[in-house]
>>> print(open('target_17.cif').read())   # mmCIF, C-alpha atoms
data_target
#
loop_
_atom_site.label_atom_id
_atom_site.label_comp_id
_atom_site.auth_asym_id
_atom_site.auth_seq_id
_atom_site.Cartn_x
_atom_site.Cartn_y
_atom_site.Cartn_z
CA MET A 1 119.56 112.43 110.08
CA PHE A 2 120.97 114.62 112.87
CA ARG A 3 118.32 116.03 115.24
CA PRO A 4 120.01 118.67 117.46
CA ARG A 5 116.89 119.25 119.61
CA ARG A 6 116.69 115.55 120.51
CA TYR A 7 120.36 115.40 121.57
CA ALA A 8 120.08 118.68 123.46
CA THR A 9 117.24 117.16 125.45
CA MET A 10 119.28 113.99 126.16
CA LEU A 11 122.49 115.82 127.14
CA PRO A 12 121.63 116.64 130.79
CA ALA A 13 120.52 113.06 131.40
CA LEU A 14 123.69 111.68 129.80
CA LEU A 15 125.87 113.96 131.88
CA LEU A 16 124.01 113.08 135.07
CA GLY A 17 124.28 109.35 134.32
CA ALA A 18 128.00 109.67 133.60
CA LEU A 19 128.50 111.53 136.87
CA PHE A 20 126.94 108.78 138.95
CA SER A 21 128.64 105.97 137.03
CA LEU A 22 132.20 107.25 137.53
CA PRO A 23 134.51 104.69 139.15
CA ALA A 24 135.56 105.12 142.75
CA LEU A 25 138.86 106.62 141.65
CA ALA A 26 137.02 109.68 140.33
CA TRP A 27 135.97 110.47 143.90
CA ALA A 28 139.56 110.57 145.11
CA ALA A 29 139.17 114.29 145.90
CA LEU A 30 136.96 113.26 148.82
CA ASP A 31 139.93 111.49 150.42
CA PRO A 32 143.61 112.21 151.06
CA HIS A 33 146.20 110.29 149.07
CA GLY A 34 146.66 107.86 151.93
CA LEU A 35 145.37 107.17 155.45
CA LEU A 36 147.03 105.02 158.09
CA LEU A 37 146.06 104.46 161.72
CA ALA A 38 148.59 103.12 164.21
CA TRP A 39 149.94 103.73 167.69
CA GLN A 40 153.07 105.19 169.19
CA ARG A 41 152.07 104.64 172.81
CA ASP A 42 149.26 103.12 174.89
CA PRO A 43 146.71 101.62 172.45
CA THR A 44 143.97 101.79 175.10
CA THR A 45 144.01 105.60 175.33
CA THR A 46 145.72 106.91 172.16
CA MET A 47 145.51 106.72 168.38
CA THR A 48 148.00 108.02 165.83
CA ILE A 49 146.46 109.15 162.53
CA ASP A 50 148.60 109.68 159.42
CA TRP A 51 147.23 111.05 156.18
CA HIS A 52 149.09 111.96 153.01
CA VAL A 53 148.38 115.12 151.02
CA ASP A 54 149.90 117.47 148.47
CA GLY A 55 152.67 119.65 149.80
CA SER A 56 150.55 122.78 149.62
CA ASP A 57 148.04 121.40 152.15
CA ARG A 58 149.05 122.63 155.60
CA ASN A 59 145.90 121.68 157.49
CA VAL A 60 147.36 119.33 160.11
CA ARG A 61 144.26 118.94 162.26
CA VAL A 62 142.02 116.06 163.27
CA ALA A 63 138.48 116.57 164.55
CA TYR A 64 137.18 113.72 166.70
CA ARG A 65 134.47 112.78 169.17
CA ALA A 66 133.13 109.63 170.80
CA VAL A 67 130.35 107.98 168.82
CA ALA A 68 128.20 107.73 171.95
CA GLY A 69 127.80 110.47 174.51
CA GLU A 70 129.61 113.35 172.79
CA GLU A 71 128.11 115.97 170.50
CA GLU A 72 130.98 118.46 170.32
CA TRP A 73 134.06 117.81 168.20
CA SER A 74 137.50 118.08 169.79
CA VAL A 75 140.44 119.17 167.62
CA ALA A 76 144.07 118.02 167.81
CA THR A 77 147.04 119.21 165.78
CA GLY A 78 150.27 117.51 164.83
CA SER A 79 153.33 117.49 162.60
CA ARG A 80 154.16 117.23 158.92
CA GLN A 81 157.11 115.76 157.06
CA SER A 82 157.96 115.24 153.42
CA LEU A 83 158.02 111.93 151.61
CA PRO A 84 161.28 111.47 149.63
CA ALA A 85 161.08 111.84 145.83
CA SER A 86 157.42 112.83 146.11
CA ASP A 87 155.21 115.90 146.11
CA ARG A 88 153.32 114.39 149.03
CA VAL A 89 153.72 115.14 152.70
CA ILE A 90 152.75 113.07 155.74
CA HIS A 91 150.47 114.70 158.28
CA ARG A 92 150.59 112.99 161.68
CA VAL A 93 148.37 113.66 164.69
CA GLU A 94 148.42 111.64 167.90
CA LEU A 95 145.15 111.67 169.84
CA THR A 96 145.60 111.17 173.59
CA GLY A 97 143.39 110.93 176.66
CA LEU A 98 140.89 108.66 174.90
CA ALA A 99 138.59 106.23 176.69
CA PRO A 100 139.47 102.51 176.42
CA ASP A 101 137.41 100.22 174.18
CA THR A 102 135.47 103.16 172.75
CA GLU A 103 134.50 104.05 169.19
CA TYR A 104 135.30 107.52 167.91
CA LEU A 105 134.37 109.48 164.81
CA PHE A 106 137.18 111.44 163.18
CA LYS A 107 137.84 113.73 160.21
CA VAL A 108 141.31 114.60 158.90
CA GLY A 109 142.45 118.00 157.63
CA GLY A 110 139.90 119.72 155.44
CA TYR A 111 138.23 116.47 154.38
CA GLU A 112 134.61 116.12 155.49
CA ARG A 113 134.36 112.36 155.23
CA GLU A 114 133.69 110.92 158.70
CA ARG A 115 135.47 107.73 159.68
CA ARG A 116 135.53 105.63 162.85
CA PHE A 117 138.16 103.92 164.95
CA ARG A 118 138.10 101.99 168.21
CA THR A 119 140.56 102.09 171.09
CA MET A 120 141.73 98.85 172.65
CA PRO A 121 140.19 97.50 175.86
CA ALA A 122 142.01 98.13 179.14
CA GLU A 123 141.55 94.46 180.12
CA ASN A 124 141.36 91.41 177.89
CA ILE A 125 138.78 89.76 180.15
CA SER A 126 136.22 92.36 179.05
CA ARG A 127 136.01 90.82 175.55
CA PRO A 128 138.07 88.79 173.06
CA VAL A 129 140.83 90.64 171.23
CA ARG A 130 141.37 89.66 167.60
CA ILE A 131 144.54 90.42 165.62
CA ALA A 132 145.20 89.84 161.91
CA VAL A 133 148.85 88.82 161.39
CA GLY A 134 150.82 88.51 158.17
CA GLY A 135 153.52 90.00 156.02
CA ASP A 136 154.85 90.38 152.46
CA VAL A 137 151.97 92.61 151.46
CA ARG A 138 152.37 94.61 148.21
CA GLY A 139 149.72 96.95 146.89
CA ASN A 140 147.91 94.73 144.40
CA GLU A 141 144.66 92.84 143.87
CA ILE A 142 145.82 89.85 145.91
CA SER A 143 146.52 92.04 148.93
CA ARG A 144 143.14 93.72 148.49
CA ARG A 145 141.35 90.38 148.50
CA VAL A 146 143.23 89.05 151.52
CA THR A 147 142.61 92.31 153.39
CA ARG A 148 138.90 92.12 152.67
CA GLN A 149 138.78 88.58 154.00
CA ALA A 150 140.64 89.62 157.15
CA MET A 151 138.26 92.53 157.71
CA ARG A 152 135.31 90.12 157.76
CA PHE A 153 136.66 88.85 161.10
CA ASP A 154 136.37 92.35 162.63
CA PRO A 155 140.00 92.53 163.86
CA ASP A 156 141.06 95.05 166.46
CA PHE A 157 144.24 95.69 164.50
CA VAL A 158 146.62 94.22 161.91
CA VAL A 159 150.31 93.35 162.35
CA TRP A 160 152.48 93.08 159.25
CA GLY A 161 155.95 91.69 159.88
CA GLY A 162 157.77 93.43 157.06
CA ASP A 163 158.03 93.55 153.25
CA LEU A 164 155.25 96.08 152.89
CA ALA A 165 155.35 97.86 149.51
CA TYR A 166 158.40 96.08 148.01
CA ALA A 167 160.01 99.43 147.28
CA ASN A 168 163.49 98.41 148.56
CA GLY A 169 164.20 101.82 150.07
CA ASP A 170 164.59 103.16 146.52
CA GLU A 171 163.19 106.57 145.58
CA ARG A 172 162.50 105.30 142.06
CA ASN A 173 159.92 102.94 143.59
CA VAL A 174 157.90 105.54 145.49
CA GLY A 175 154.87 104.62 143.34
CA ARG A 176 154.77 101.23 145.05
CA TRP A 177 154.20 103.01 148.35
CA TYR A 178 151.31 104.91 146.74
CA GLU A 179 149.74 101.59 145.71
CA PHE A 180 150.32 100.05 149.14
CA LEU A 181 148.85 103.05 150.96
CA ASP A 182 145.79 103.04 148.73
CA VAL A 183 145.12 99.42 149.74
CA VAL A 184 145.46 100.38 153.41
CA MET A 185 143.15 103.37 153.14
CA ARG A 186 140.41 101.72 151.09
CA GLU A 187 140.47 98.11 152.29
CA MET A 188 141.52 98.33 155.95
CA VAL A 189 137.89 98.90 156.90
CA THR A 190 135.50 96.45 158.58
CA PRO A 191 132.09 95.73 157.00
CA ASP A 192 130.46 98.12 159.50
CA GLY A 193 132.80 100.95 158.48
CA ARG A 194 135.47 100.97 161.22
CA THR A 195 139.01 101.87 160.11
CA VAL A 196 141.48 99.32 161.49
CA PRO A 197 144.96 100.30 162.77
CA VAL A 198 148.03 98.56 161.39
CA VAL A 199 151.39 97.94 163.06
CA MET A 200 154.22 97.58 160.53
CA GLY A 201 157.54 95.82 161.07
CA ILE A 202 160.61 96.06 158.86
CA GLY A 203 161.70 93.52 156.25
CA ASN A 204 164.40 93.27 153.60
CA HIS A 205 162.24 95.00 150.99
CA GLU A 206 162.09 98.16 153.12
CA VAL A 207 165.88 98.52 153.04
CA ARG A 208 168.43 99.48 150.41
CA GLY A 209 170.38 96.28 149.87
CA GLY A 210 167.93 94.35 152.05
CA TYR A 211 170.26 94.08 155.05
CA HIS A 212 172.34 96.54 157.04
CA ASP A 213 175.61 94.88 156.04
CA ARG A 214 174.88 94.84 152.30
CA ASN A 215 174.98 98.54 151.52
CA ASP A 216 178.27 98.89 149.65
CA HIS A 217 176.43 100.93 147.02
CA GLU A 218 176.11 103.66 149.64
CA LEU A 219 179.89 103.94 149.72
CA ARG A 220 180.10 104.14 145.94
CA ARG A 221 177.75 107.13 146.09
CA ASN A 222 180.24 108.85 148.42
CA LEU A 223 177.86 108.65 151.36
CA PRO A 224 179.07 107.99 154.90
CA PRO A 225 179.66 104.34 155.80
CA TYR A 226 176.85 102.58 157.57
CA VAL A 227 177.01 102.71 161.35
CA GLN A 228 174.43 101.84 163.98
CA ASP A 229 172.77 105.21 164.42
CA ASP A 230 169.49 106.90 163.54
CA ALA A 231 170.89 108.72 160.51
CA SER A 232 172.25 105.55 158.89
CA ARG A 233 169.03 103.63 159.53
CA LEU A 234 166.98 106.43 158.02
CA ARG A 235 169.26 106.58 155.00
CA ILE A 236 168.93 102.88 154.10
CA ALA A 237 165.19 102.66 154.96
CA PRO A 238 163.98 106.20 154.17
CA TYR A 239 160.31 105.35 153.67
CA TYR A 240 159.82 102.84 156.45
CA TYR A 241 161.07 105.15 159.17
CA ARG A 242 158.87 108.00 157.97
CA LEU A 243 155.70 105.97 157.31
CA ALA A 244 155.65 103.68 160.35
CA ALA A 245 154.56 105.48 163.51
CA PHE A 246 155.78 102.51 165.57
CA PRO A 247 158.37 101.43 166.49
CA GLY A 248 160.34 104.40 165.14
CA GLN A 249 164.05 104.43 165.85
CA PRO A 250 165.93 102.18 166.37
CA GLY A 251 163.53 99.94 164.40
CA TYR A 252 162.42 97.47 167.08
CA GLY A 253 160.31 97.96 170.18
CA ALA A 254 157.48 96.86 172.47
CA LEU A 255 153.86 97.97 172.29
CA ASP A 256 152.06 97.23 175.55
CA PHE A 257 148.29 96.77 175.81
CA GLY A 258 147.53 97.01 179.52
CA ASP A 259 148.71 93.84 181.29
CA TYR A 260 147.22 91.43 178.74
CA LEU A 261 149.36 91.88 175.60
CA SER A 262 152.87 92.96 174.69
CA LEU A 263 153.73 93.05 171.00
CA LEU A 264 157.49 92.76 170.42
CA LEU A 265 158.40 93.97 166.93
CA LEU A 266 161.91 92.91 165.90
CA ASP A 267 164.39 93.57 163.07
CA THR A 268 166.07 90.54 161.44
CA ASP A 269 169.33 92.15 160.27
CA HIS A 270 167.66 94.75 158.04
CA SER A 271 168.54 98.02 159.74
CA ASN A 272 169.85 96.47 162.98
CA PRO A 273 171.95 93.35 163.65
CA ILE A 274 170.16 90.48 165.33
CA ALA A 275 173.11 89.93 167.67
CA GLY A 276 174.31 92.49 170.17
CA GLU A 277 172.21 95.42 171.30
CA GLN A 278 168.91 94.15 169.90
CA THR A 279 169.25 90.74 171.56
CA ARG A 280 170.15 92.43 174.85
CA TRP A 281 167.02 94.55 174.49
CA LEU A 282 164.91 91.47 173.73
CA ARG A 283 166.29 89.61 176.76
CA LYS A 284 165.26 92.49 179.04
CA ALA A 285 161.91 93.03 177.31
CA LEU A 286 160.98 89.38 177.86
CA ALA A 287 162.20 89.36 181.45
CA ASP A 288 160.18 92.50 182.23
CA ARG A 289 156.94 91.15 180.73
CA VAL A 290 156.70 87.38 180.94
CA GLY A 291 154.80 86.49 184.09
CA ARG A 292 153.33 89.98 184.34
CA VAL A 293 151.72 90.23 180.89
CA THR A 294 149.37 87.45 179.81
CA HIS A 295 150.31 87.33 176.11
CA VAL A 296 153.77 88.22 174.76
CA LEU A 297 153.88 88.04 170.95
CA PRO A 298 157.19 88.41 169.06
CA VAL A 299 156.80 89.36 165.38
CA TYR A 300 159.64 89.69 162.86
CA HIS A 301 160.47 89.06 159.22
CA VAL A 302 163.07 86.38 158.40
CA GLY A 303 162.15 83.12 160.10
CA ALA A 304 164.10 80.81 162.36
CA TRP A 305 162.35 77.88 160.67
CA PRO A 306 161.54 78.73 157.02
CA SER A 307 158.95 76.95 154.92
CA ALA A 308 160.36 77.49 151.41
CA ARG A 309 164.11 78.09 151.85
CA HIS A 310 167.05 76.19 153.23
CA TRP A 311 166.74 76.20 157.00
CA ASP A 312 170.47 76.84 157.56
CA GLY A 313 170.70 80.24 155.87
CA ASP A 314 172.75 82.86 157.72
CA VAL A 315 169.86 84.98 158.99
CA HIS A 316 167.70 81.95 159.86
CA ARG A 317 170.59 80.55 161.89
CA ARG A 318 171.19 83.83 163.75
CA VAL A 319 167.52 83.99 164.78
CA ARG A 320 167.76 80.43 166.15
CA GLU A 321 171.05 81.12 167.91
CA HIS A 322 170.18 84.44 169.53
CA TRP A 323 166.38 84.63 169.90
CA SER A 324 164.99 81.09 170.01
CA PRO A 325 166.75 80.26 173.32
CA LEU A 326 165.12 83.36 174.85
CA PHE A 327 161.68 82.36 173.56
CA GLU A 328 162.18 78.88 174.96
CA GLN A 329 163.51 80.10 178.30
CA HIS A 330 160.42 82.26 178.80
CA ARG A 331 158.00 79.63 177.48
CA ILE A 332 156.68 81.83 174.67
CA PRO A 333 154.04 79.59 173.06
CA MET A 334 153.92 81.20 169.63
CA VAL A 335 155.95 83.63 167.49
CA PHE A 336 155.20 85.03 164.04
CA GLU A 337 157.66 85.01 161.13
CA GLN A 338 157.33 86.03 157.46
CA HIS A 339 159.56 86.25 154.36
CA ASP A 340 158.96 82.89 152.62
CA HIS A 341 155.75 83.64 150.66
CA ALA A 342 153.78 80.68 151.98
CA TYR A 343 151.84 79.54 155.02
CA LYS A 344 153.50 77.49 157.75
CA ARG A 345 152.96 76.24 161.25
CA THR A 346 155.81 74.32 162.83
CA TRP A 347 155.69 71.64 165.44
CA PRO A 348 156.47 72.98 168.90
CA ILE A 349 160.27 73.22 168.95
CA ARG A 350 162.63 73.35 171.91
CA ASP A 351 166.42 72.96 171.81
CA GLY A 352 166.29 71.93 168.14
CA ARG A 353 163.82 69.14 168.79
CA ILE A 354 160.09 68.60 168.55
CA ASP A 355 158.89 69.05 172.11
CA PRO A 356 155.38 69.78 173.41
CA ARG A 357 156.93 72.40 175.73
CA GLY A 358 158.45 74.22 172.75
CA VAL A 359 157.68 77.25 170.61
CA VAL A 360 155.34 77.13 167.60
CA TYR A 361 156.60 79.31 164.73
CA MET A 362 153.79 80.71 162.57
CA GLY A 363 153.97 82.53 159.23
CA ASP A 364 155.23 82.68 156.54
CA GLY A 365 154.47 85.94 154.74
CA ALA A 366 152.01 85.63 151.86
CA TRP A 367 149.49 88.44 152.26
CA GLY A 368 149.81 89.79 148.73
CA VAL A 369 152.80 88.22 146.98
CA GLY A 370 153.12 85.25 144.67
CA VAL A 371 153.47 82.05 146.68
CA ARG A 372 156.29 79.51 146.70
CA GLU A 373 156.45 75.73 146.93
CA THR A 374 156.69 74.67 150.56
CA GLY A 375 157.93 71.93 152.80
CA ARG A 376 161.31 71.18 151.27
CA SER A 377 164.33 72.17 153.32
CA HIS A 378 167.17 71.34 150.92
CA GLU A 379 167.74 69.02 147.95
CA GLY A 380 164.29 67.50 148.31
CA VAL A 381 164.67 66.55 151.97
CA LYS A 382 161.51 67.12 153.96
CA ALA A 383 161.66 69.98 156.45
CA TRP A 384 161.18 67.91 159.61
CA TYR A 385 159.95 70.82 161.71
CA LEU A 386 156.89 71.73 159.59
CA ASP A 387 153.54 70.49 160.84
CA ARG A 388 151.30 72.38 158.40
CA VAL A 389 152.21 74.18 155.15
CA ALA A 390 150.28 75.62 152.22
CA SER A 391 151.26 77.58 149.12
CA GLN A 392 148.39 80.04 149.56
CA SER A 393 147.95 83.74 150.21
CA HIS A 394 146.45 84.19 153.63
CA ALA A 395 145.85 86.15 156.83
CA ILE A 396 146.28 84.64 160.29
CA MET A 397 143.41 85.61 162.58
CA LEU A 398 144.61 85.34 166.17
CA THR A 399 142.14 85.58 169.06
CA LEU A 400 143.18 86.31 172.65
CA GLN A 401 140.76 85.85 175.52
CA GLY A 402 141.85 85.50 179.09
CA ASN A 403 144.83 83.13 179.10
CA TYR A 404 143.83 81.47 175.84
CA GLN A 405 145.28 81.91 172.35
CA SER A 406 143.66 80.42 169.28
CA LEU A 407 143.78 81.15 165.58
CA VAL A 408 142.33 80.38 162.21
CA VAL A 409 143.98 81.04 158.86
CA VAL A 410 141.88 82.38 155.99
CA ASN A 411 142.95 82.46 152.34
CA GLU A 412 142.05 85.04 149.71
CA GLN A 413 138.90 83.12 148.73
CA GLY A 414 137.67 83.17 152.34
CA ARG A 415 138.33 79.49 153.08
CA ILE A 416 139.80 78.41 156.40
CA ILE A 417 143.03 76.54 155.65
CA ASP A 418 144.22 75.90 159.21
CA GLU A 419 143.31 76.29 162.87
CA TYR A 420 145.35 76.00 166.02
CA PRO A 421 145.52 74.63 168.65
CA ARG A 422 144.34 71.20 167.63
CA THR A 423 143.06 68.42 169.86
CA GLY A 424 146.16 66.71 171.28
CA LEU A 425 148.49 69.68 170.97
CA ARG A 426 146.16 71.60 173.26
CA GLU A 427 146.60 68.78 175.78
CA GLY A 428 150.38 69.11 175.53
CA LEU A 429 150.73 65.86 173.57
CA LEU A 430 151.94 65.00 170.09
CA PRO A 431 149.85 62.66 167.92
CA GLU A 432 151.32 59.19 168.45
CA ALA A 433 150.78 58.19 164.82
CA GLU A 434 153.12 60.96 163.65
CA ARG A 435 155.71 60.99 166.42
CA TRP A 436 157.82 58.12 165.11
CA SER A 437 158.17 59.42 161.55
CA LEU A 438 159.75 62.80 162.40
CA PRO A 439 163.49 63.18 162.99
CA ALA A 440 164.30 64.28 166.53
CA ARG A 441 166.93 66.89 165.73
CA ALA A 442 167.64 69.55 163.17
CA GLU A 443 170.99 68.03 162.28
#
>>> encode(input="target_17.cif", output="C-alpha cells")
Amino acid sequence: MFRPRRYATMLPALLLGALFSLPALAWAALDPHGLLLAWQRDPTTTMTIDWHVDGSDRNVRVAYRAVAGEEEWSVATGSRQSLPASDRVIHRVELTGLAPDTEYLFKVGGYERERRFRTMPAENISRPVRIAVGGDVRGNEISRRVTRQAMRFDPDFVVWGGDLAYANGDERNVGRWYEFLDVVMREMVTPDGRTVPVVMGIGNHEVRGGYHDRNDHELRRNLPPYVQDDASRLRIAPYYYRLAAFPGQPGYGALDFGDYLSLLLLDTDHSNPIAGEQTRWLRKALADRVGRVTHVLPVYHVGAWPSARHWDGDVHRRVREHWSPLFEQHRIPMVFEQHDHAYKRTWPIRDGRIDPRGVVYMGDGAWGVGVRETGRSHEGVKAWYLDRVASQSHAIMLTLQGNYQSLVVVNEQGRIIDEYPRTGLREGLLPEAERWSLPARAE
C-alpha cells in the first residue's frame, strides 16, 4: 500500500544521501577540463600552469602565494589558444620570480580549489632530486595505476619521452587527449597533495604519419609539402606543439636546472630529422654542459638499442650513428629511450661493444600501454646488449644527489622490478660469470 507521507519524509534524506554518494566525475565543475604544470625556463624560479576550459571562459589568471611566510595572494595573467577540433581552449600562465625549492599555493581562473606546487632547488647538494621517467602513456587505467605508484616516491617532476595520448596528430582522436589530460590532472598528485610538473617529449603517436618523412597524405589533401619550419611541424603535430609548454618549436631543447641538471629532450625523426641540424644542436648542447653541469640526461622516443624490435631498424640505426658517438665522447652514463612497450636496461655500450666505460640505455616505454615480449632481436636471436628486461608496465624513479645517480623501477602493482647501479657495475666492472657468454660486437 502506497504511503505518500512516509515517502515524503524519506525524500530529503534520499536526496542528501545521493548527493554525497555521487562519483568523483559529478564534481567535475570544481575543476577545469585539464590541468598541466611544466616549465618553459628556469625550473628553480618559474612554473608554467596550463588549464583547459570551455571557449567562453576568458579568465586567464592564476592566484598564488608561498605556503609559508606569505598571506597575500599575487596574481599573474597569461595567454589563451584554441585546441583543434574542440570547444576547449588552453589557458597558459607562466609564474616568474619564484623562490627556489619552495612550495606555493595556487588557484586557476575562477576555480576556488587550492593546489600546491614546488619549485626546484637551486643546488642539488641541498637535497636529493627525484625524477619519474617513462613514456608510451595513454589515458587509461594502467596509466592511472602506474602514475599513482610513481607519486608514492614523491618525485620532483615527471619526464615522458613521447607517445602521450596516442592520438596520432588526428583531430578525430581529440577525445584521447581529454582522457590523457584527465589522468594528468587527477593522478599527477603526491600523497600529500602536491601537483607534480611533467615534461613531455614527442613520439610517433603525436605526429600525423608518425615521422616527418611519411606525410604523403598531406599532399593528397592539397596542403603544402612538408619542410623544416614551424608551420609544417605544427601541421603534422597540432596537439603536441600546443599542449607541451617545453620544448616548443623546433621540438627539441635543453632545460637547465642550475648547474646540477640539464635535461636534453630530443626528436627521433618525428617532426625533425635526427641527422643534420638537430645533431649539430646536440653536439653543441653537450659540449656546453658536460663538465660544467653535474648530470646531463638525454631523453627521446625511438631507442638506439630496442628491447622488443629488430635492433637494425632505420630509426634505431640513425640514433646509433648520429647520437651514440656523442654520448660516448662526453661520457654520458645513462640515456632514456621509449617506444618498445617494455622495460629494458642495457649493458654499458661503447663503440658497439659491451664496455664498462660505455652508455647504459634505459627504457623502454610502458607507462600505460600493453606490453610486448622482450629480449629477442631478430628471428629468435638473443639481443646481446640487454642486461635486464621485463614485459611489465612501469615507471623509472631516478634519484640525483651530488655526483651520484641511482634508480629503482616500480611496476603498476608497486613492486620494484629493477635497481641500478648494481654491485660490480658501480665499481666499473662487469660480472665475470656473464662476460664470456655475451658477444662482443653488434654485428
>>> resolve_selection(input="target_17.cif", expression="the PyMOL selection byres ((chain A and resi 117) around 9)", output="PyMOL selection string")
chain A and resi 37+47+102-106+115-116+118-119+193-197
>>> resolve_selection(input="target_17.cif", expression="the PyMOL selection byres ((chain A and resi 307-319) around 9)", output="ChimeraX atom specification")
/A:268-269,274-275,302-306,320-324,340-346,363-364,372-379,383,386,389
>>> atom_distance(input="target_17.cif", atom1="CA of Gly161 in chain A", atom2="CA of Asn124 in chain A")
23.2 Å
>>> residues_around(input="target_17.cif", residues="Ser262 in chain A", least_positions_apart="5", cutoff="7 Å", atoms="all atoms listed in the file", output="count of residues only")
8
>>> closest_residue(input="target_17.cif", among="A:Ile354, A:Val207, A:Arg280, A:Ser271", to="Asp230 in chain A", atoms="all atoms listed in the file")
A:Ser271
>>> resolve_selection(input="target_17.cif", expression="the PyMOL selection byres ((chain A and resi 180) around 9)", output="MDAnalysis selection string")
chainID A and resid 137:140 143 164:165 175:179 181:185
>>> atom_distance(input="target_17.cif", atom1="CA of Met151 in chain A", atom2="CA of Thr190 in chain A")
4.9 Å
